[in-house]
Amino acid sequence: MKIAVASGKGGTGKTTVATSLAHLAAEDGVSVAYLDCDVEEPNGHIFLKPRLVREEPITKLIPVVDLDRCSHCGLCSQACRYGAIACVGQQTLVFTELCHSCGGCLLACPHDAIGEAFRPIGRLRVGVRGRLQFVEGVLNVGEAMSPPAIRAVKIAAPEVALTVLDCPPGTSCPVIASVRDCDLVLLVTEPTPFGLHDLKLAVEMVRALRLTFGVVVNRSDTGDHAVWDYCRHQRIAVLAALSDDRAVAEAYSRGELAVTSVGHFADQMRTLLETVQSGVQA
Amino acid sequence: MNELVVISGKGGTGKTSIVASFASLAGRAVVADCDVDAADLHLILQPQIMRREDFIGGSKARIKSGHCTACGKCEELCRFDAIYFDGPGNGRVPKTFRVDPIACEGCGVCFDYCAEQAIAFEPAVTGQWYVSHTRCGPLVHARLAVAAENSGKLVTQLRRAARQVAMQLERDVILCDGAPGIGCPVIASLTGANLALFVVEPTASGQHDFLRVAELAMQLGVPGALVVNKSDLNDEVTRDLESLARQRGIAVLGRIPYDRSVTLAQIARRTVVEASGGPAARAIRDVWNQIQEHLRQRPAKAVGGLVQLDTVQANTVQLDTEKKESRV
């Protein structure tokens, strides 16, 4: 079973929920994998503190121009929809950050002057912590596109009973790359106007992708009632309400798993894990 | 003209609440909501839309099943696994190929090499952007369709529009609310800005993410300033953040303590400084005064950094307020 933990708004508690679920499942003896798909800002390692067993570069294919063969005809540049290759006078320049690795320039080149090479865009780290298997992608600073790194994390994921994916915030391409082909998406939100507004966008996204989903309301006793009213009205299952607690926030600030130290928070997360494992209906 | 970009690395640290407060303190600024994935500023500033424009995010391929001969060339060439052999049959073949629009990245290779010209590849409107009037000055904002790509390109579009509005109305400060992360929308927000304000919470995650986004700003040649939000959550991490900032030449502008009036202001649809005179509001005022001082000392500079992100914009939409003005 693959569970994605996502949210429209950032900072709602995705990593707290994802690491807690993975930790508690591993404690129960379930074979579990935690995948950090928030490759721009991966934080799961701070809390899970895995022992790293493997590290390798994440690469993407980019065109390499053989200037001896290149006639600077410009056909590659015309074919590229991303503006990632340009002929300027007697030079053909590749802007690797913009390249989607589609191979269109290779096909367009009449002189066979374009080959491909792997360019590193980040690091893949694989680790373990007891029964828990850990995979994270770390995008290099300065790289614009995270989906290739997210796909690398998902490819490296081990076959286990329960996979928990910690997703990036938002609703665009990095999130889509993360949540696709998951069995359940947990949308973590806060009961505030910003939380509700961004939850609506996230709901639109998971509905467009036809994914099964439920909502987790974090810091449930702050803010107002509008998130609850919305979920009731839209017949969306609220799978957990996590209370706002200074002890949880402080454990989080120190980079510690609150489920190991704050009893009632662990109870709330354990109930959520049971709900998720027993299956959620669309 | 000075452009201040408020970013954080990690999401949910208080960027939008701070930008909204700055907008009410500045009075004469143009505000741009560059967090196009999860734009929230309009909830507080309650804009009256004066002008709306379509955003063309790129093209997607679509196979015309009546023309497809099921040769499989498109599937062979597509590198995004976006082509499926489960489209409806036609008179010639029992099944045709089909494009999954969500997997399609719009490279156009299938369109270019389809021998039957059975593939359509047309630009799609994937969002809208707006120039609005608010009680705190003009707001440039957008709505990106769910599951759409190219948020970086939309951010570049918004910043261009904000500059044009600022020139027309002779405003000298642009306040940009940035996206979380370090990817394309953040790069598009930072490139060529005068100052990046990092809003960071004193947590292990906040610190980790701050260091990455600070490195990005440094790569792009944008000077930085730090404000620690909810600074009393962890005094030790707050001090660490401030010393890490100083080591990197990032100005430390202050601490905003945890204050429930920030959430209450949001619920009341007001900026923190409009709704409260409490500790958070006082700290935000102080930070704003320092930023103004900072911008005076660092005059606007030429656009630098990742220029190609700015130069490849395919569709430049000109501000043409008279012709296309629309009210809602």
# chains A, B, ... in the order shown; residues from 1 in each chain; ligands from 1
>>> residues_around(residues="B:Glu122", least_positions_apart="2", cutoff="8 Å", atoms="only C-alpha atoms", output="short mmCIF file (atom, residue, chain, number, x, y, z; two decimals) with N, CA and C atoms, in the first residue's frame")
data_model
loop_
_atom_site.label_atom_id
_atom_site.label_comp_id
_atom_site.auth_asym_id
_atom_site.auth_seq_id
_atom_site.Cartn_x
_atom_site.Cartn_y
_atom_site.Cartn_z
N SER B 59 2.08 23.85 -24.65
CA SER B 59 1.15 23.03 -25.42
C SER B 59 1.15 21.60 -24.90
N LYS B 60 0.06 20.91 -25.16
CA LYS B 60 -0.02 19.48 -24.85
C LYS B 60 -0.46 18.76 -26.13
N ALA B 61 0.04 17.54 -26.29
CA ALA B 61 -0.32 16.76 -27.48
C ALA B 61 -1.66 16.08 -27.28
N ALA B 120 -2.61 16.66 -32.62
CA ALA B 120 -2.80 18.10 -32.45
C ALA B 120 -1.88 18.55 -31.32
N ALA B 124 -2.21 25.76 -24.66
CA ALA B 124 -3.36 25.66 -23.77
C ALA B 124 -3.30 26.78 -22.74
#
>>> interface_residues(of="chain B", to="chain A", cutoff="7 Å", atoms="only C-alpha atoms", output="count of residues only")
34
>>> select_by_dssp(residues="stretch 179-271 of chain A", states="strand (DSSP E or B)", output="count of residues only")
17
>>> select_by_dssp(residues="stretch 157-263 of chain B", states="alpha helix (DSSP H)", output="PyMOL selection string")
chain B and resi 157-168+184-190+204-219+235-247+261-263
>>> write_last_selection(atoms="N, CA and C atoms", output="compact mmCIF listing (two decimals), in the first residue's frame")
# COMPACT_ATOMS: atom_id res chain seq x y z
N GLN B 157 6.12 36.25 -15.61
CA GLN B 157 5.06 37.09 -16.17
C GLN B 157 4.52 38.08 -15.12
N LEU B 158 4.29 37.57 -13.91
CA LEU B 158 3.75 38.43 -12.84
C LEU B 158 4.74 39.53 -12.47
N ARG B 159 6.01 39.16 -12.39
CA ARG B 159 7.00 40.17 -12.01
C ARG B 159 7.12 41.24 -13.09
N ARG B 160 7.02 40.81 -14.34
CA ARG B 160 7.09 41.79 -15.43
C ARG B 160 5.90 42.75 -15.33
N ALA B 161 4.71 42.18 -15.08
CA ALA B 161 3.52 43.01 -14.96
C ALA B 161 3.64 43.96 -13.76
N ALA B 162 4.19 43.45 -12.65
CA ALA B 162 4.32 44.30 -11.45
C ALA B 162 5.25 45.48 -11.73
N ARG B 163 6.32 45.23 -12.49
CA ARG B 163 7.24 46.32 -12.82
C ARG B 163 6.55 47.37 -13.69
N GLN B 164 5.73 46.87 -14.64
CA GLN B 164 5.03 47.82 -15.52
C GLN B 164 4.04 48.67 -14.72
N VAL B 165 3.32 48.02 -13.80
CA VAL B 165 2.37 48.76 -12.97
C VAL B 165 3.11 49.79 -12.12
N ALA B 166 4.24 49.37 -11.56
CA ALA B 166 5.01 50.27 -10.70
C ALA B 166 5.51 51.48 -11.50
N MET B 167 5.91 51.24 -12.75
CA MET B 167 6.38 52.36 -13.57
C MET B 167 5.23 53.30 -13.92
N GLN B 168 4.09 52.72 -14.31
CA GLN B 168 2.95 53.55 -14.69
C GLN B 168 2.48 54.41 -13.52
N CYS B 184 11.77 25.91 -9.71
CA CYS B 184 11.63 26.93 -10.76
C CYS B 184 10.84 28.16 -10.34
N PRO B 185 9.73 28.06 -9.58
CA PRO B 185 9.06 29.32 -9.22
C PRO B 185 9.91 30.20 -8.31
N VAL B 186 10.72 29.58 -7.46
CA VAL B 186 11.57 30.35 -6.54
C VAL B 186 12.71 31.02 -7.31
N ILE B 187 13.30 30.27 -8.23
CA ILE B 187 14.37 30.84 -9.06
C ILE B 187 13.81 32.01 -9.86
N ALA B 188 12.60 31.82 -10.40
CA ALA B 188 11.98 32.89 -11.19
C ALA B 188 11.64 34.10 -10.32
N SER B 189 11.33 33.88 -9.04
CA SER B 189 11.01 35.01 -8.15
C SER B 189 12.26 35.79 -7.76
N LEU B 190 13.36 35.06 -7.56
CA LEU B 190 14.57 35.68 -7.01
C LEU B 190 15.42 36.39 -8.06
N ALA B 204 14.65 22.66 13.40
CA ALA B 204 15.71 21.97 12.67
C ALA B 204 15.41 21.98 11.17
N SER B 205 14.13 21.76 10.81
CA SER B 205 13.75 21.77 9.39
C SER B 205 13.90 23.16 8.80
N GLY B 206 13.43 24.16 9.55
CA GLY B 206 13.51 25.53 9.07
C GLY B 206 14.94 25.94 8.77
N GLN B 207 15.85 25.53 9.66
CA GLN B 207 17.26 25.86 9.50
C GLN B 207 17.85 25.17 8.26
N HIS B 208 17.54 23.87 8.14
CA HIS B 208 18.03 23.08 6.99
C HIS B 208 17.59 23.73 5.68
N ASP B 209 16.31 24.10 5.62
CA ASP B 209 15.76 24.63 4.38
C ASP B 209 16.25 26.05 4.11
N PHE B 210 16.44 26.82 5.18
CA PHE B 210 16.96 28.18 5.04
C PHE B 210 18.35 28.17 4.40
N LEU B 211 19.20 27.22 4.84
CA LEU B 211 20.57 27.19 4.30
C LEU B 211 20.56 26.91 2.80
N ARG B 212 19.62 26.07 2.36
CA ARG B 212 19.55 25.76 0.92
C ARG B 212 19.05 26.97 0.12
N VAL B 213 18.02 27.63 0.60
CA VAL B 213 17.49 28.75 -0.18
C VAL B 213 18.44 29.95 -0.10
N ALA B 214 19.18 30.07 1.03
CA ALA B 214 20.18 31.14 1.12
C ALA B 214 21.30 30.91 0.12
N GLU B 215 21.67 29.63 -0.07
CA GLU B 215 22.70 29.31 -1.07
C GLU B 215 22.20 29.65 -2.47
N LEU B 216 20.92 29.37 -2.71
CA LEU B 216 20.35 29.71 -4.02
C LEU B 216 20.42 31.22 -4.26
N ALA B 217 20.02 32.00 -3.26
CA ALA B 217 20.05 33.46 -3.42
C ALA B 217 21.48 33.94 -3.69
N MET B 218 22.43 33.31 -3.01
CA MET B 218 23.83 33.68 -3.20
C MET B 218 24.26 33.37 -4.64
N GLN B 219 23.88 32.17 -5.13
CA GLN B 219 24.21 31.80 -6.53
C GLN B 219 23.64 32.82 -7.51
N ASP B 235 14.78 29.17 21.47
CA ASP B 235 15.77 30.26 21.52
C ASP B 235 17.13 29.83 20.98
N GLU B 236 17.48 28.58 21.24
CA GLU B 236 18.79 28.11 20.82
C GLU B 236 18.89 28.09 19.28
N VAL B 237 17.86 27.53 18.63
CA VAL B 237 17.89 27.49 17.16
C VAL B 237 17.81 28.91 16.60
N THR B 238 17.05 29.78 17.27
CA THR B 238 16.99 31.18 16.81
C THR B 238 18.39 31.79 16.78
N ARG B 239 19.14 31.60 17.85
CA ARG B 239 20.50 32.15 17.88
C ARG B 239 21.39 31.51 16.80
N ASP B 240 21.24 30.19 16.62
CA ASP B 240 22.01 29.50 15.57
C ASP B 240 21.70 30.10 14.19
N LEU B 241 20.41 30.30 13.94
CA LEU B 241 20.00 30.85 12.64
C LEU B 241 20.65 32.21 12.42
N GLU B 242 20.64 33.03 13.46
CA GLU B 242 21.19 34.38 13.31
C GLU B 242 22.70 34.35 13.07
N SER B 243 23.38 33.41 13.75
CA SER B 243 24.83 33.39 13.52
C SER B 243 25.15 32.78 12.15
N LEU B 244 24.37 31.77 11.73
CA LEU B 244 24.57 31.22 10.38
C LEU B 244 24.34 32.30 9.32
N ALA B 245 23.35 33.15 9.56
CA ALA B 245 23.07 34.23 8.62
C ALA B 245 24.25 35.21 8.56
N ARG B 246 24.71 35.63 9.73
CA ARG B 246 25.82 36.61 9.76
C ARG B 246 27.05 36.07 9.05
N GLN B 247 27.34 34.75 9.27
CA GLN B 247 28.50 34.15 8.60
C GLN B 247 28.40 34.25 7.08
N SER B 261 -2.46 36.61 17.67
CA SER B 261 -3.15 37.62 16.88
C SER B 261 -2.84 37.49 15.38
N VAL B 262 -1.76 36.76 15.03
CA VAL B 262 -1.45 36.55 13.61
C VAL B 262 -2.54 35.70 12.96
N THR B 263 -2.92 34.60 13.62
CA THR B 263 -4.00 33.75 13.10
C THR B 263 -5.33 34.48 13.14
>>> atom_distance(atom1="atom CA of A:Val185", atom2="atom CA of A:Cys37")
13.6 Å
>>> residues_around(residues="A:Cys87", least_positions_apart="6", cutoff="12 Å", atoms="only C-alpha atoms", output="short mmCIF file (atom, residue, chain, number, x, y, z; two decimals) with C-alpha atoms, in the first residue's frame")
data_model
loop_
_atom_site.label_atom_id
_atom_site.label_comp_id
_atom_site.auth_asym_id
_atom_site.auth_seq_id
_atom_site.Cartn_x
_atom_site.Cartn_y
_atom_site.Cartn_z
CA VAL A 65 26.68 19.26 -29.20
CA LEU A 67 30.81 21.45 -32.60
CA CYS A 70 27.36 21.34 -36.01
CA SER A 71 26.51 23.75 -38.83
CA HIS A 72 24.57 26.11 -36.52
CA CYS A 73 21.52 25.62 -38.71
CA GLY A 74 19.22 26.25 -35.74
CA LEU A 75 16.86 23.30 -36.34
CA CYS A 76 17.47 21.96 -32.81
CA SER A 77 16.59 25.31 -31.33
CA GLN A 78 13.40 25.46 -33.40
CA ALA A 79 12.42 21.97 -32.23
CA CYS A 80 12.96 22.67 -28.52
CA LEU A 93 24.35 26.72 -26.36
CA VAL A 94 22.53 24.28 -24.09
CA PHE A 95 20.72 25.65 -21.01
CA CYS A 105 16.93 18.19 -30.57
#
>>> closest_residue(among="B:Lys230, B:Lys15, B:Arg282, B:His294", to="B:Ala251", atoms="only C-alpha atoms")
B:His294
>>> residues_around(residues="A:Phe134", least_positions_apart="3", cutoff="8 Å", atoms="only C-alpha atoms", output="MDAnalysis selection string")
chainID A and resid 33:35 50 125:129
>>> residues_around(residues="B:Val228", least_positions_apart="6", cutoff="7 Å", atoms="only C-alpha atoms", output="list in words")
Val199, Val200, Glu201, Pro202, Thr238, Gly254, Arg255 and Ile256 of chain B
>>> write_last_selection(atoms="N, CA and C atoms", output="mmCIF file, in the first residue's frame")
data_model
loop_
_atom_site.group_PDB
_atom_site.id
_atom_site.type_symbol
_atom_site.label_atom_id
_atom_site.label_comp_id
_atom_site.auth_asym_id
_atom_site.auth_seq_id
_atom_site.Cartn_x
_atom_site.Cartn_y
_atom_site.Cartn_z
ATOM 1 N N VAL B 199 12.135 34.374 5.716
ATOM 2 C CA VAL B 199 11.296 34.240 6.912
ATOM 3 C C VAL B 199 11.449 32.799 7.394
ATOM 4 N N VAL B 200 12.061 32.622 8.550
ATOM 5 C CA VAL B 200 12.438 31.276 8.987
ATOM 6 C C VAL B 200 11.922 31.034 10.396
ATOM 7 N N GLU B 201 11.419 29.829 10.642
ATOM 8 C CA GLU B 201 11.044 29.438 11.996
ATOM 9 C C GLU B 201 12.221 28.725 12.649
ATOM 10 N N PRO B 202 12.368 28.869 13.967
ATOM 11 C CA PRO B 202 13.528 28.272 14.645
ATOM 12 C C PRO B 202 13.321 26.786 14.891
ATOM 13 N N THR B 238 17.054 29.781 17.268
ATOM 14 C CA THR B 238 16.987 31.177 16.814
ATOM 15 C C THR B 238 18.387 31.795 16.781
ATOM 16 N N GLY B 254 15.641 40.868 12.759
ATOM 17 C CA GLY B 254 14.815 40.838 13.965
ATOM 18 C C GLY B 254 14.125 39.522 14.212
ATOM 19 N N ARG B 255 13.346 39.522 15.297
ATOM 20 C CA ARG B 255 12.613 38.329 15.728
ATOM 21 C C ARG B 255 11.147 38.695 15.875
ATOM 22 N N ILE B 256 10.287 37.834 15.390
ATOM 23 C CA ILE B 256 8.851 38.020 15.592
ATOM 24 C C ILE B 256 8.403 36.924 16.556
#
>>> residues_around(residues="stretch 273-276 of chain A", least_positions_apart="3", cutoff="8 Å", atoms="only C-alpha atoms", output="ChimeraX atom specification")
/A:21,24-25,239,269-270,279-280
>>> write_last_selection(atoms="N, CA and C atoms", output="PDB file, in the first residue's frame")
ATOM      1  N   LEU A  21       3.818   8.202  10.882  1.00  0.00           N
ATOM      2  CA  LEU A  21       3.167   6.986  10.382  1.00  0.00           C
ATOM      3  C   LEU A  21       4.208   5.909  10.089  1.00  0.00           C
ATOM      4  N   LEU A  24       5.701   4.542  13.421  1.00  0.00           N
ATOM      5  CA  LEU A  24       4.783   3.686  14.191  1.00  0.00           C
ATOM      6  C   LEU A  24       4.553   2.356  13.490  1.00  0.00           C
ATOM      7  N   ALA A  25       4.445   2.380  12.169  1.00  0.00           N
ATOM      8  CA  ALA A  25       4.243   1.128  11.435  1.00  0.00           C
ATOM      9  C   ALA A  25       5.453   0.207  11.611  1.00  0.00           C
ATOM     10  N   LEU A 239      -9.798  12.243   8.410  1.00  0.00           N
ATOM     11  CA  LEU A 239      -9.282  10.999   8.982  1.00  0.00           C
ATOM     12  C   LEU A 239      -8.626  11.211  10.338  1.00  0.00           C
ATOM     13  N   MET A 269      -1.792   9.667  16.334  1.00  0.00           N
ATOM     14  CA  MET A 269      -1.144   9.176  15.111  1.00  0.00           C
ATOM     15  C   MET A 269      -1.384   7.679  14.931  1.00  0.00           C
ATOM     16  N   ARG A 270      -1.418   6.955  16.052  1.00  0.00           N
ATOM     17  CA  ARG A 270      -1.645   5.512  15.974  1.00  0.00           C
ATOM     18  C   ARG A 270      -3.064   5.226  15.438  1.00  0.00           C
ATOM     19  N   GLY A 279      -8.091   0.729   5.423  1.00  0.00           N
ATOM     20  CA  GLY A 279      -8.611   1.052   4.094  1.00  0.00           C
ATOM     21  C   GLY A 279      -9.602   2.194   4.158  1.00  0.00           C
ATOM     22  N   VAL A 280      -9.422   3.157   3.251  1.00  0.00           N
ATOM     23  CA  VAL A 280     -10.308   4.320   3.194  1.00  0.00           C
ATOM     24  C   VAL A 280     -11.056   4.250   1.875  1.00  0.00           C
TER      25      VAL A 280
END
>>> closest_residue(among="B:Val273, B:Leu169, B:Val99, B:Ala280", to="B:Tyr258", atoms="only C-alpha atoms")
B:Ala280
